[in-house]
Each structure stands twice: as C-alpha cells, then as structure tokens.
$ cat target-v3.csv   # CSV, C-alpha atoms
chain,number,residue,atom,x,y,z
A,1438,MET,CA,-92.0,136.0,34.6
A,1439,ASN,CA,-90.0,138.2,32.3
A,1440,LEU,CA,-91.2,136.0,29.4
A,1441,ALA,CA,-94.8,136.4,30.5
A,1442,VAL,CA,-94.4,140.2,30.5
A,1443,ASP,CA,-92.8,140.2,27.1
A,1444,LYS,CA,-95.5,138.0,25.7
A,1445,GLN,CA,-98.2,140.2,27.1
A,1446,LEU,CA,-96.7,143.3,25.5
A,1447,VAL,CA,-96.5,141.6,22.1
A,1448,GLU,CA,-99.3,139.1,21.9
A,1449,GLY,CA,-101.8,140.2,24.6
A,1450,GLN,CA,-103.3,138.7,27.7
A,1451,ASP,CA,-104.1,135.3,26.1
A,1452,SER,CA,-100.4,134.4,25.9
A,1453,VAL,CA,-100.0,135.3,29.6
A,1454,ASN,CA,-102.9,133.0,30.5
A,1455,ARG,CA,-101.2,130.1,28.8
A,1456,LEU,CA,-98.0,130.8,30.8
A,1457,LEU,CA,-99.7,131.3,34.2
A,1458,PRO,CA,-99.8,127.5,35.1
A,1459,PHE,CA,-96.0,127.4,34.6
A,1460,LEU,CA,-95.1,130.3,36.8
A,1461,GLU,CA,-95.5,128.5,40.1
A,1462,ALA,CA,-92.1,128.1,41.8
A,1463,LYS,CA,-92.0,124.3,41.9
A,1464,LYS,CA,-93.0,124.1,38.3
A,1465,GLN,CA,-90.3,126.5,37.3
A,1466,ILE,CA,-87.7,124.4,39.2
A,1467,ALA,CA,-88.9,121.3,37.4
A,1468,ILE,CA,-88.7,123.0,34.0
A,1469,PHE,CA,-85.2,124.2,34.8
A,1470,LYS,CA,-84.1,120.7,35.7
A,1471,GLU,CA,-85.6,119.3,32.5
A,1472,ILE,CA,-83.6,121.8,30.4
A,1473,GLU,CA,-80.4,121.1,32.4
A,1474,GLU,CA,-80.9,117.3,31.8
A,1475,ALA,CA,-81.4,117.9,28.1
A,1476,ILE,CA,-78.2,119.9,27.9
A,1477,LEU,CA,-76.2,117.3,29.9
A,1478,LYS,CA,-77.6,114.5,27.6
A,1479,TYR,CA,-76.5,116.3,24.5
A,1480,LYS,CA,-73.0,116.9,26.0
A,1481,GLN,CA,-72.7,113.1,26.8
A,1482,GLN,CA,-73.5,112.0,23.3
A,1483,SER,CA,-70.0,112.8,22.0
A,1484,ASP,CA,-66.6,114.1,23.1
A,1485,ASP,CA,-66.1,115.6,19.6
A,1486,ARG,CA,-65.4,119.4,20.0
A,1487,GLN,CA,-67.5,120.3,16.9
A,1488,HIS,CA,-70.5,118.5,18.5
A,1489,LEU,CA,-70.1,120.6,21.6
A,1490,GLN,CA,-69.4,123.7,19.5
A,1491,LYS,CA,-72.9,123.5,17.9
A,1492,LEU,CA,-74.5,123.6,21.4
A,1493,ILE,CA,-72.3,126.5,22.6
A,1494,ILE,CA,-73.2,128.7,19.6
A,1495,ALA,CA,-76.8,127.7,19.7
A,1496,ILE,CA,-77.1,128.6,23.4
A,1497,HIS,CA,-75.4,132.0,23.0
A,1498,THR,CA,-77.3,133.0,19.8
A,1499,GLN,CA,-80.6,131.2,20.5
A,1500,ILE,CA,-80.6,129.6,17.0
A,1501,GLY,CA,-81.2,125.9,16.2
A,1502,LEU,CA,-81.9,124.7,19.7
A,1503,ASP,CA,-85.0,122.8,18.7
A,1504,GLU,CA,-82.8,120.6,16.4
A,1505,LEU,CA,-80.1,120.1,19.1
A,1506,LEU,CA,-82.4,119.6,22.0
A,1507,PRO,CA,-85.5,117.9,20.6
A,1508,GLU,CA,-86.4,116.6,24.0
A,1509,LEU,CA,-87.5,120.1,24.9
A,1510,LEU,CA,-90.0,120.4,22.0
A,1511,PRO,CA,-92.9,118.7,23.9
A,1512,LEU,CA,-92.4,121.0,26.9
A,1513,ALA,CA,-92.1,124.1,24.7
A,1514,ASN,CA,-95.2,123.1,22.7
A,1515,GLN,CA,-97.1,122.5,26.0
A,1516,ILE,CA,-96.3,126.0,27.2
A,1517,GLY,CA,-96.9,127.4,23.7
A,1518,ILE,CA,-93.5,128.9,23.1
A,1519,SER,CA,-90.4,128.0,21.0
A,1520,VAL,CA,-87.5,126.1,22.4
A,1521,GLU,CA,-85.5,129.3,21.9
A,1522,ASP,CA,-87.9,131.2,24.0
A,1523,LEU,CA,-87.8,128.5,26.6
A,1524,ALA,CA,-84.0,128.7,26.7
A,1525,GLU,CA,-84.0,132.4,26.9
A,1526,ALA,CA,-86.3,132.3,29.8
A,1527,TYR,CA,-84.4,129.7,31.8
A,1528,ILE,CA,-80.8,129.7,30.6
A,1529,TYR,CA,-78.5,132.4,31.8
A,1530,SER,CA,-75.8,130.8,33.9
A,1531,PRO,CA,-77.0,127.3,34.9
A,1532,ILE,CA,-74.3,124.7,36.0
A,1533,SER,CA,-75.1,122.7,32.9
A,1534,PHE,CA,-73.4,125.2,30.5
A,1535,SER,CA,-71.5,127.5,32.8
A,1536,THR,CA,-68.6,125.1,32.2
A,1537,LEU,CA,-68.9,125.4,28.4
A,1538,LYS,CA,-65.9,127.5,27.3
A,1539,CYS,CA,-65.9,129.3,23.9
A,1540,GLU,CA,-62.8,128.9,21.8
A,1541,SER,CA,-61.7,131.6,19.4
A,1542,ASP,CA,-63.4,130.1,16.4
A,1543,GLU,CA,-66.7,129.8,18.3
A,1544,LEU,CA,-66.4,133.4,19.5
A,1545,TYR,CA,-65.9,134.5,15.8
A,1546,LYS,CA,-69.1,132.6,14.8
A,1547,ILE,CA,-71.1,134.3,17.5
A,1548,LEU,CA,-69.8,137.7,16.3
A,1549,THR,CA,-70.8,136.7,12.7
A,1550,ILE,CA,-74.3,135.9,14.0
A,1551,ALA,CA,-74.4,139.2,15.8
A,1552,GLU,CA,-73.7,141.0,12.5
A,1553,GLU,CA,-76.5,139.1,10.9
A,1554,ALA,CA,-78.8,140.1,13.7
A,1555,ILE,CA,-77.8,143.7,13.7
A,1556,LYS,CA,-81.3,145.0,12.9
A,1557,GLN,CA,-83.1,142.6,15.3
A,1558,HIS,CA,-83.2,144.4,18.6
A,1559,LYS,CA,-84.1,141.6,21.0
A,1560,ARG,CA,-81.9,139.0,19.4
A,1561,LEU,CA,-79.0,141.4,19.2
A,1562,SER,CA,-79.4,142.4,22.8
A,1563,ARG,CA,-79.4,138.7,23.8
A,1564,ILE,CA,-76.2,138.0,21.9
A,1565,LEU,CA,-74.5,141.1,23.3
A,1566,MET,CA,-75.4,140.0,26.8
A,1567,ASN,CA,-73.8,136.6,26.2
A,1568,LEU,CA,-70.7,138.2,24.6
A,1569,ILE,CA,-70.2,140.3,27.7
A,1570,GLU,CA,-70.5,137.3,30.0
A,1571,LEU,CA,-68.0,135.2,28.0
A,1572,LYS,CA,-64.3,135.2,28.4
A,1573,TRP,CA,-62.8,136.9,25.3
A,1574,SER,CA,-59.8,135.9,23.3
A,1575,SER,CA,-56.8,138.2,23.5
A,1576,ASP,CA,-56.1,137.7,19.8
A,1577,PRO,CA,-55.7,141.2,18.2
A,1578,ILE,CA,-57.8,140.1,15.2
A,1579,PHE,CA,-60.7,139.0,17.4
A,1580,LEU,CA,-60.5,142.2,19.4
A,1581,ARG,CA,-60.6,144.2,16.2
A,1582,LYS,CA,-63.7,142.3,15.2
A,1583,ILE,CA,-65.3,143.1,18.6
A,1584,GLN,CA,-64.8,146.8,17.9
A,1585,ASP,CA,-66.2,146.4,14.4
A,1586,ILE,CA,-69.4,144.9,15.9
A,1587,LEU,CA,-69.7,147.9,18.3
A,1588,GLU,CA,-69.1,150.3,15.5
A,1589,LEU,CA,-71.8,148.6,13.4
A,1590,ILE,CA,-74.3,148.7,16.2
A,1591,LEU,CA,-73.8,152.4,16.8
A,1592,THR,CA,-74.1,153.4,13.2
A,1593,THR,CA,-77.2,151.2,12.7
A,1594,TRP,CA,-79.0,152.2,15.9
A,1595,SER,CA,-77.7,155.7,16.5
A,1596,GLN,CA,-81.2,157.3,16.0
A,1597,SER,CA,-83.1,154.7,18.1
A,1598,LEU,CA,-81.0,153.6,21.0
A,1599,ASP,CA,-83.1,152.6,24.0
A,1600,ASP,CA,-81.9,152.1,27.6
A,1601,THR,CA,-81.3,148.4,27.2
A,1602,LEU,CA,-79.1,148.6,24.1
A,1603,THR,CA,-77.4,151.7,25.4
A,1604,ASN,CA,-76.5,150.0,28.7
A,1605,LEU,CA,-75.2,146.8,26.9
A,1606,CYS,CA,-73.1,148.9,24.5
A,1607,TRP,CA,-71.5,150.9,27.3
A,1608,VAL,CA,-70.6,147.7,29.2
A,1609,TYR,CA,-69.4,146.1,26.0
A,1610,PHE,CA,-67.2,149.2,25.5
A,1611,LEU,CA,-65.9,148.9,29.1
A,1612,LYS,CA,-64.9,145.3,28.5
A,1613,ILE,CA,-63.0,146.4,25.3
A,1614,LEU,CA,-61.1,148.9,27.4
A,1615,SER,CA,-60.0,146.2,29.8
A,1616,TYR,CA,-58.0,144.5,27.0
A,1617,ASP,CA,-54.7,145.8,25.6
A,1618,THR,CA,-56.0,146.8,22.2
A,1619,PRO,CA,-55.9,150.1,20.2
A,1620,ILE,CA,-59.2,151.9,20.6
A,1621,LYS,CA,-58.6,155.3,19.1
A,1622,ARG,CA,-60.7,154.7,16.1
A,1623,ILE,CA,-63.9,154.1,18.1
A,1624,ILE,CA,-63.6,156.5,21.0
A,1625,LEU,CA,-65.2,159.5,19.4
A,1626,LEU,CA,-68.0,157.4,17.9
A,1627,VAL,CA,-68.8,155.9,21.2
A,1628,PHE,CA,-68.8,159.1,23.3
A,1629,ASN,CA,-70.6,161.1,20.6
A,1630,THR,CA,-73.3,158.4,19.9
A,1631,LEU,CA,-74.1,156.6,23.1
A,1632,PRO,CA,-76.2,158.6,25.6
A,1633,LEU,CA,-75.3,158.6,29.3
A,1634,LYS,CA,-77.5,161.3,30.8
A,1635,GLU,CA,-80.6,159.2,30.3
A,1636,LEU,CA,-79.1,156.3,32.3
A,1637,LEU,CA,-78.2,158.8,35.1
A,1638,LEU,CA,-81.6,160.4,35.1
A,1639,ASN,CA,-83.4,157.1,35.0
A,1640,LYS,CA,-81.2,155.8,37.8
A,1641,ARG,CA,-80.3,152.8,35.7
A,1642,GLU,CA,-77.3,150.7,36.8
A,1643,LEU,CA,-74.8,149.3,34.4
A,1644,TYR,CA,-74.9,145.6,33.6
A,1645,LEU,CA,-71.5,145.0,35.1
A,1646,SER,CA,-72.0,141.4,36.1
A,1647,GLY,CA,-70.2,140.2,33.0
A,1648,ILE,CA,-67.0,142.1,33.9
A,1649,SER,CA,-64.7,140.8,36.6
A,1650,ASN,CA,-63.3,142.9,39.4
A,1651,ASN,CA,-59.8,143.0,37.8
A,1652,PHE,CA,-61.1,143.8,34.3
A,1653,LEU,CA,-63.2,146.6,35.7
A,1654,LEU,CA,-60.2,148.1,37.5
A,1655,LYS,CA,-58.3,148.1,34.1
A,1656,SER,CA,-61.3,149.8,32.4
A,1657,THR,CA,-61.3,152.5,35.2
A,1658,ASP,CA,-57.6,153.2,34.6
A,1659,VAL,CA,-58.2,153.7,30.9
A,1660,LEU,CA,-61.2,156.0,31.6
A,1661,GLU,CA,-59.0,158.1,33.9
A,1662,SER,CA,-56.7,158.8,30.9
A,1663,PHE,CA,-59.8,160.1,29.0
A,1664,LEU,CA,-60.4,162.8,31.5
A,1665,SER,CA,-57.8,164.9,29.8
A,1666,HIS,CA,-58.8,163.9,26.2
A,1667,GLU,CA,-58.9,166.7,23.6
A,1668,ASP,CA,-62.6,166.1,22.9
A,1669,GLU,CA,-65.0,167.6,25.4
A,1670,ASN,CA,-67.6,164.9,24.9
A,1671,VAL,CA,-65.0,162.2,25.7
A,1672,ARG,CA,-63.9,164.1,28.9
A,1673,ILE,CA,-67.5,164.7,30.1
A,1674,GLY,CA,-68.7,161.2,29.1
A,1675,SER,CA,-65.8,159.7,31.0
A,1676,VAL,CA,-66.8,161.4,34.2
A,1677,PHE,CA,-70.4,160.2,33.8
A,1678,LEU,CA,-69.2,156.7,33.0
A,1679,LEU,CA,-66.9,156.6,36.0
A,1680,TYR,CA,-69.8,157.8,38.1
A,1681,LEU,CA,-72.1,155.0,36.8
A,1682,ILE,CA,-69.3,152.4,37.4
A,1683,PHE,CA,-69.0,153.8,41.0
A,1684,ARG,CA,-72.7,153.7,41.6
A,1685,SER,CA,-73.4,150.3,40.0
A,1686,SER,CA,-70.4,148.5,41.6
A,1687,MET,CA,-71.3,149.8,45.0
A,1688,LYS,CA,-74.8,148.4,44.8
A,1689,SER,CA,-73.8,145.0,43.3
A,1690,TYR,CA,-73.1,142.0,45.5
A,1691,LYS,CA,-70.8,140.6,42.8
A,1692,PHE,CA,-67.9,142.9,43.4
A,1693,SER,CA,-65.5,141.7,46.1
A,1694,LYS,CA,-63.1,144.6,45.3
A,1695,LYS,CA,-65.5,147.5,45.9
A,1696,ALA,CA,-63.0,149.3,48.1
A,1697,GLU,CA,-60.3,149.0,45.3
A,1698,ILE,CA,-62.8,150.2,42.7
A,1699,GLN,CA,-63.9,153.1,44.9
A,1700,GLU,CA,-60.3,154.1,45.6
A,1701,ALA,CA,-59.3,153.9,41.9
A,1702,ILE,CA,-62.2,156.2,41.0
A,1703,ASN,CA,-61.5,158.5,44.0
A,1704,LEU,CA,-57.9,158.9,42.6
A,1705,CYS,CA,-59.3,160.1,39.3
A,1706,PHE,CA,-60.9,163.1,40.8
A,1707,ASN,CA,-59.6,165.8,43.2
A,1708,ALA,CA,-61.5,168.6,44.9
A,1709,ASP,CA,-59.5,171.4,43.4
A,1710,ALA,CA,-60.4,170.3,39.8
A,1711,GLY,CA,-64.0,170.0,40.9
A,1712,TRP,CA,-64.1,173.5,42.4
A,1713,SER,CA,-62.4,174.9,39.4
A,1714,LEU,CA,-65.3,173.6,37.2
A,1715,ILE,CA,-68.0,174.6,39.7
A,1716,ASN,CA,-66.7,178.2,39.7
A,1717,SER,CA,-66.7,178.4,35.9
A,1718,ASP,CA,-69.2,180.5,34.0
A,1719,SER,CA,-70.6,177.4,32.3
A,1720,ASN,CA,-73.6,175.8,34.0
A,1721,LYS,CA,-72.7,172.5,32.3
A,1722,HIS,CA,-69.2,172.6,33.7
A,1723,SER,CA,-70.5,173.6,37.1
A,1724,LEU,CA,-72.7,170.6,37.3
A,1725,LEU,CA,-69.8,168.4,36.2
A,1726,GLY,CA,-67.7,169.9,39.0
A,1727,ILE,CA,-70.3,168.8,41.5
A,1728,LEU,CA,-70.1,165.3,40.2
A,1729,TYR,CA,-66.3,165.6,40.5
A,1730,LEU,CA,-66.7,166.3,44.2
A,1731,THR,CA,-69.2,163.4,44.5
A,1732,LEU,CA,-66.5,161.0,43.2
A,1733,SER,CA,-63.6,162.5,45.1
A,1734,ASP,CA,-62.1,161.6,48.5
A,1735,TYR,CA,-63.2,165.1,49.6
A,1736,PRO,CA,-60.7,166.7,52.1
A,1737,ILE,CA,-63.5,167.5,54.6
A,1738,GLU,CA,-61.0,167.6,57.5
A,1739,ASN,CA,-59.5,170.8,55.9
A,1740,ILE,CA,-61.4,173.8,57.3
A,1741,ASN,CA,-61.1,175.8,54.1
A,1742,TYR,CA,-62.7,173.0,52.0
A,1743,ARG,CA,-65.4,172.5,54.6
A,1744,GLN,CA,-66.3,176.2,54.5
A,1745,MET,CA,-66.4,176.2,50.7
A,1746,LEU,CA,-68.8,173.3,50.8
A,1747,LEU,CA,-71.1,174.9,53.4
A,1748,ALA,CA,-71.2,178.1,51.3
A,1749,ALA,CA,-72.1,176.2,48.1
A,1750,LEU,CA,-74.9,174.3,49.9
A,1751,GLN,CA,-76.4,177.6,50.9
A,1752,GLN,CA,-76.4,179.0,47.4
A,1753,THR,CA,-78.8,176.6,45.6
A,1754,GLN,CA,-81.3,178.9,44.1
A,1755,ILE,CA,-81.1,177.2,40.7
A,1756,ILE,CA,-83.2,174.0,40.8
A,1757,GLU,CA,-80.8,172.0,38.7
A,1758,LYS,CA,-77.8,172.9,40.8
A,1759,GLU,CA,-79.8,172.3,44.0
A,1760,GLU,CA,-80.6,168.8,42.9
A,1761,ALA,CA,-76.9,168.2,42.0
A,1762,TRP,CA,-75.7,169.4,45.4
A,1763,VAL,CA,-78.3,167.3,47.2
A,1764,LYS,CA,-77.3,164.3,45.1
A,1765,MET,CA,-73.7,164.9,46.0
A,1766,LEU,CA,-74.5,165.2,49.7
A,1767,ARG,CA,-76.4,161.9,49.6
A,1768,GLU,CA,-73.9,159.9,47.6
A,1769,ILE,CA,-70.4,161.1,48.4
A,1770,GLN,CA,-68.4,158.5,50.3
A,1771,MET,CA,-67.7,159.4,53.9
A,1772,PRO,CA,-64.8,157.1,55.0
A,1773,VAL,CA,-64.7,155.9,58.5
A,1774,ASP,CA,-61.5,157.9,59.3
A,1775,LYS,CA,-63.4,161.1,58.2
A,1776,HIS,CA,-66.7,160.4,59.9
A,1777,GLU,CA,-66.1,162.9,62.7
A,1778,ALA,CA,-65.3,165.7,60.3
A,1779,TRP,CA,-68.4,164.9,58.1
A,1780,HIS,CA,-70.5,164.6,61.2
A,1781,ASN,CA,-69.5,168.0,62.4
A,1782,LEU,CA,-70.2,169.6,59.0
A,1783,LEU,CA,-73.7,168.0,58.9
A,1784,GLU,CA,-74.4,169.1,62.4
A,1785,GLU,CA,-73.4,172.6,61.5
A,1786,ILE,CA,-76.0,172.5,58.6
A,1787,LEU,CA,-78.7,171.2,60.9
A,1788,LYS,CA,-78.0,173.9,63.5
A,1789,GLN,CA,-78.7,176.7,61.0
A,1790,PRO,CA,-81.7,175.4,59.0
A,1791,TRP,CA,-82.7,178.9,57.8
A,1792,ASN,CA,-79.6,179.0,55.6
A,1793,TYR,CA,-80.4,175.8,53.6
A,1794,SER,CA,-83.2,174.4,51.5
A,1795,ASN,CA,-85.5,171.7,52.7
A,1796,LEU,CA,-83.9,169.2,50.2
A,1797,VAL,CA,-80.4,170.0,51.6
A,1798,LEU,CA,-81.6,169.7,55.2
A,1799,SER,CA,-83.3,166.3,54.4
A,1800,ALA,CA,-80.1,164.9,52.9
A,1801,ALA,CA,-78.0,166.3,55.7
A,1802,MET,CA,-80.3,164.7,58.3
A,1803,ASP,CA,-80.1,161.3,56.6
A,1804,ARG,CA,-76.3,161.4,56.4
A,1805,TYR,CA,-76.0,162.8,60.0
A,1806,GLN,CA,-77.9,159.8,61.3
A,1807,GLU,CA,-75.7,157.5,59.3
A,1808,THR,CA,-72.5,159.0,60.6
A,1809,SER,CA,-74.0,159.0,64.2
A,1810,ASN,CA,-74.7,155.3,64.0
A,1811,ASN,CA,-71.3,154.6,62.7
A,1812,ASN,CA,-69.6,156.7,65.3
A,1813,ASP,CA,-71.5,154.8,68.0
A,1814,THR,CA,-70.1,151.5,66.8
A,1815,LEU,CA,-66.5,152.7,66.8
$ encode --input "target-v3.csv" --output "structure tokens"
Amino acid sequence: MNLAVDKQLVEGQDSVNRLLPFLEAKKQIAIFKEIEEAILKYKQQSDDRQHLQKLIIAIHTQIGLDELLPELLPLANQIGISVEDLAEAYIYSPISFSTLKCESDELYKILTIAEEAIKQHKRLSRILMNLIELKWSSDPIFLRKIQDILELILTTWSQSLDDTLTNLCWVYFLKILSYDTPIKRIILLVFNTLPLKELLLNKRELYLSGISNNFLLKSTDVLESFLSHEDENVRIGSVFLLYLIFRSSMKSYKFSKKAEIQEAINLCFNADAGWSLINSDSNKHSLLGILYLTLSDYPIENINYRQMLLAALQQTQIIEKEEAWVKMLREIQMPVDKHEAWHNLLEEILKQPWNYSNLVLSAAMDRYQETSNNNDTL
C-alpha cells in the first residue's frame, strides 16, 4: 500500500492501477512467501561468508538485488516495478533475513554506500532506517565513521530537512548516545541543526523500534547530562528530546521497560526546576518549565505544590501558555499511589468551573474520569 501511494505521487494514477490487483491480502502473502523463498534459496547456494555478505549489503542498501535474486524479476516485471522496489515494499524484518547478522566490514560497506547516496533522499532514508535496526559494532573506528555520516547528512540537508529525515537522524543520534564513544564534536551541530519543535507540533513519534530498551535507557542517561550543558540549544533540545522519547515509548508496544524508561525520565526533572523556569521573564523558558512539570513525578500530595498548580491553571490568558498547561494536564503521569491526590485536585477544578478555561475543564474532566475508574478498581 505504501508503495502504491509513493508511485501515485511520483508517476500518477496509472501506476496505482497496475498495483491494485496485487494489494489483496492473500496476494500480498503469496508475494511475501515468494520473496522469502528466493532469499532462502540464495542462502542455501553457498556457506561462503562473502556470498552471504553480498545479499546482506544488497538488502540493506537496495542495490543489485536483481542480480542476486533473479527469480524475482518475473514477479517484479509483472507488477511493473524493480526488484529493489519489490524488496523495499515487502522486506523489513521477515524471518528469512532477520537472522542475517552484519559483521564490521559489512557495516562499513553500508556506511560507504550511505555516503554515496547522501543526496538521494529516499535511498538515504532507507539506508538510515536499516542502520538503526542493525546491531552496531563497538569498534571506536566504526563509531567514529557513524558520527561522520551523521555530520555529512546534517551539513548536506541542513536547509531542507523534512520530518522523515529529521526523525531518522534523531533516532540515529540516540543510538550513538547509547554507545561509549566521544560525541563532543557533533553535539552542537546536532542540536543546532536538527529541528524538534516540528515533530512536537505535528505529534510525530520517534522511530524507536530500532533501539532496544537497554540502549534507550543509556541514551536517556546521557541526555540527562545535557540538561546542564553550557549551550542553551543543547539544554532545551534535550528536554524536547526526552519528552519525545517519553511520549513515543509510552505509545509503543515494543518497549517492555516502559516503567523504567518513565522513571529514568522522571528523575531527570524536578518540580522546583520547572517552577523556576515557569516564573522567569522569558516566555520560552516558561513554556519549557511547563514541559519540565509534564515529565516530572509531580509532588501532587504536597499541598503547596497543589495550590501552585491550581493557581497556574487559572492564569492561562496567553493562548500558547494555555495550550501548554492543557497538554501538561492531559499527559502528566498520575501514578497509582498518587491517584487520590490527583483525583482531589481535578475534582477541585471541576467544582469551580468559573475559574478555568473550557480547555482546562475538558482536560480535567477526562483525567478525572480516568482516575475515578482506576480508583474503582483498587
């Protein structure tokens, strides 16, 4: 289906009409099996590592697959696409090559091909996606090369980064952070080039599926250290990035350690730091402070902090701030052991509707029902 949409955008409706007969579910399953069988057949031809290496690199870079898997040419011709397009549409993590592991020299070759594809957006994005999914070598030279590729992407695309490439670059950067490697030389470039606000506004989630739970926890620890970085863009960007990790990981079925990730991010932020930013003269810092509270384990059981929050929710005359407070009220974690305290605060808001905006009341009602339901089950 994604291939059909891409073809329509580039080649028009005729290309979609050619693909329609192949979009039926049973047909797609049959095509997938045919591709899987072709890959298995190639693997069985030889036990030689170089033989397998060719397939690994071709799959991850989408180059030369028609020569290695000629059995797929008739199918590709029938559909009216290349073998590379066929592979891109169907090969992401099938059993047939999920067991293919990249050695260091193969990873280097994929990085070299990424360099060659630096100005080809679609191909570069595909290679980046595959690199994120692969297990990396811990070799310092390889990790240096990984950073070189990111630096090259950012300098080449700095003026024309779209959401897809931006997202991939951020996840690529997060994966770099999870390895014990010096990153000082690219920090400023990353945080001063890659946009984050657009991903937040467009409610885009990070492509975190290629990063394991343990690696993501390591990345989170490193980002915490950036919260006190001397460069303001790094400090602010780290807050936004931690928020995106928090939001994306909470919505993903893949992460078995959501509680640990949530706790690790909670520990990065405290309510006092958030209120200090909120009470500053800078609107930018004030909005950042609200995000701090969103990510914190807010001490709602403390009467002083509860009153501070109630007062802030009443003073939302500025639209941008009102939206930030409403977002905070909708997204802040309300742990089970604090449900009663949160429930009481939300009830207090709903009992005095004249003090709050409609948006705040709507968010408060939703969370009130949520905490009511949870209290009923306890």
$ residues_near_point --input "target-v3.csv" --point "(-74.5, 161.1, 51.0)" --cutoff "9 Å" --atoms "all atoms listed in the file" --output "list in words"
Thr1731, Val1763, Lys1764, Met1765, Leu1766, Arg1767, Glu1768, Ile1769, Gln1770, Met1771, Ala1800, Ala1801, Asp1803 and Arg1804 of chain A
$ closest_residue --input "target-v3.csv" --among "A:Ile1673, A:Pro1632, A:Gln1584, A:Leu1505" --to "Ser1597 of chain A" --atoms "all atoms listed in the file"
A:Pro1632
$ residues_around --input "target-v3.csv" --residues "Asn1670 of chain A" --least-positions-apart "5" --cutoff "9 Å" --atoms "only C-alpha atoms" --output "PyMOL selection string"
chain A and resi 1625+1628-1629+1675
$ residues_around --input "target-v3.csv" --residues "segment 1555-1572 of chain A" --least-positions-apart "3" --cutoff "10 Å" --atoms "all atoms listed in the file" --output "count of residues only"
47
$ closest_residue --input "target-v3.csv" --among "A:Trp1573, A:Leu1782, A:Leu1643, A:Ile1682" --to "Leu1660 of chain A" --atoms "all atoms listed in the file"
A:Ile1682
$ closest_residue --input "target-v3.csv" --among "A:Asp1709, A:Glu1543, A:Asp1485, A:Asp1600" --to "Gly1726 of chain A" --atoms "all atoms listed in the file"
A:Asp1709
$ atom_distance --input "target-v3.csv" --atom1 "atom CA of Ile1620 of chain A" --atom2 "atom CA of Ser1693 of chain A"
28.2 Å
$ residues_around --input "target-v3.csv" --residues "Ile1740 of chain A" --least-positions-apart "3" --cutoff "12 Å" --atoms "all atoms listed in the file" --output "count of residues only"
12
$ build_atoms --input "target-v3.csv" --residues "segment 1502-1516 of chain A" --atoms "N, CA, C and O atoms" --output "CSV table (one decimal), in the frame of the given file"
chain,number,residue,atom,x,y,z
A,1502,LEU,N,-81.8,125.6,18.5
A,1502,LEU,CA,-81.9,124.7,19.7
A,1502,LEU,C,-82.9,123.6,19.6
A,1502,LEU,O,-82.8,122.6,20.2
A,1503,ASP,N,-83.9,123.9,18.8
A,1503,ASP,CA,-85.0,122.8,18.7
A,1503,ASP,C,-84.4,121.6,18.0
A,1503,ASP,O,-84.8,120.5,18.3
A,1504,GLU,N,-83.4,121.8,17.1
A,1504,GLU,CA,-82.8,120.6,16.4
A,1504,GLU,C,-81.8,119.9,17.4
A,1504,GLU,O,-81.7,118.7,17.3
A,1505,LEU,N,-81.1,120.6,18.2
A,1505,LEU,CA,-80.1,120.1,19.1
A,1505,LEU,C,-80.7,119.5,20.4
A,1505,LEU,O,-80.1,118.5,20.9
A,1506,LEU,N,-81.8,120.1,20.8
A,1506,LEU,CA,-82.4,119.6,22.0
A,1506,LEU,C,-83.9,119.3,21.8
A,1506,LEU,O,-84.8,119.9,22.3
A,1507,PRO,N,-84.1,118.2,20.9
A,1507,PRO,CA,-85.5,117.9,20.6
A,1507,PRO,C,-86.4,117.4,21.8
A,1507,PRO,O,-87.6,117.5,21.7
A,1508,GLU,N,-85.7,117.0,22.8
A,1508,GLU,CA,-86.4,116.6,24.0
A,1508,GLU,C,-87.2,117.7,24.6
A,1508,GLU,O,-88.2,117.5,25.3
A,1509,LEU,N,-86.8,118.9,24.3
A,1509,LEU,CA,-87.5,120.1,24.9
A,1509,LEU,C,-88.7,120.5,24.1
A,1509,LEU,O,-89.5,121.4,24.5
A,1510,LEU,N,-88.9,120.0,22.9
A,1510,LEU,CA,-90.0,120.4,22.0
A,1510,LEU,C,-91.4,120.1,22.7
A,1510,LEU,O,-92.2,121.0,22.6
A,1511,PRO,N,-91.6,119.0,23.2
A,1511,PRO,CA,-92.9,118.7,23.9
A,1511,PRO,C,-93.2,119.7,25.0
A,1511,PRO,O,-94.3,120.2,25.1
A,1512,LEU,N,-92.2,120.0,25.8
A,1512,LEU,CA,-92.4,121.0,26.9
A,1512,LEU,C,-92.7,122.4,26.3
A,1512,LEU,O,-93.6,123.1,26.8
A,1513,ALA,N,-91.9,122.8,25.3
A,1513,ALA,CA,-92.1,124.1,24.7
A,1513,ALA,C,-93.5,124.2,24.0
A,1513,ALA,O,-94.2,125.2,24.2
A,1514,ASN,N,-93.9,123.1,23.4
A,1514,ASN,CA,-95.2,123.1,22.7
A,1514,ASN,C,-96.3,123.2,23.8
A,1514,ASN,O,-97.4,123.8,23.6
A,1515,GLN,N,-96.1,122.5,24.9
A,1515,GLN,CA,-97.1,122.5,26.0
A,1515,GLN,C,-97.3,123.9,26.6
A,1515,GLN,O,-98.4,124.3,26.9
A,1516,ILE,N,-96.2,124.6,26.7
A,1516,ILE,CA,-96.3,126.0,27.2
A,1516,ILE,C,-96.7,126.9,26.1
A,1516,ILE,O,-97.3,128.0,26.4
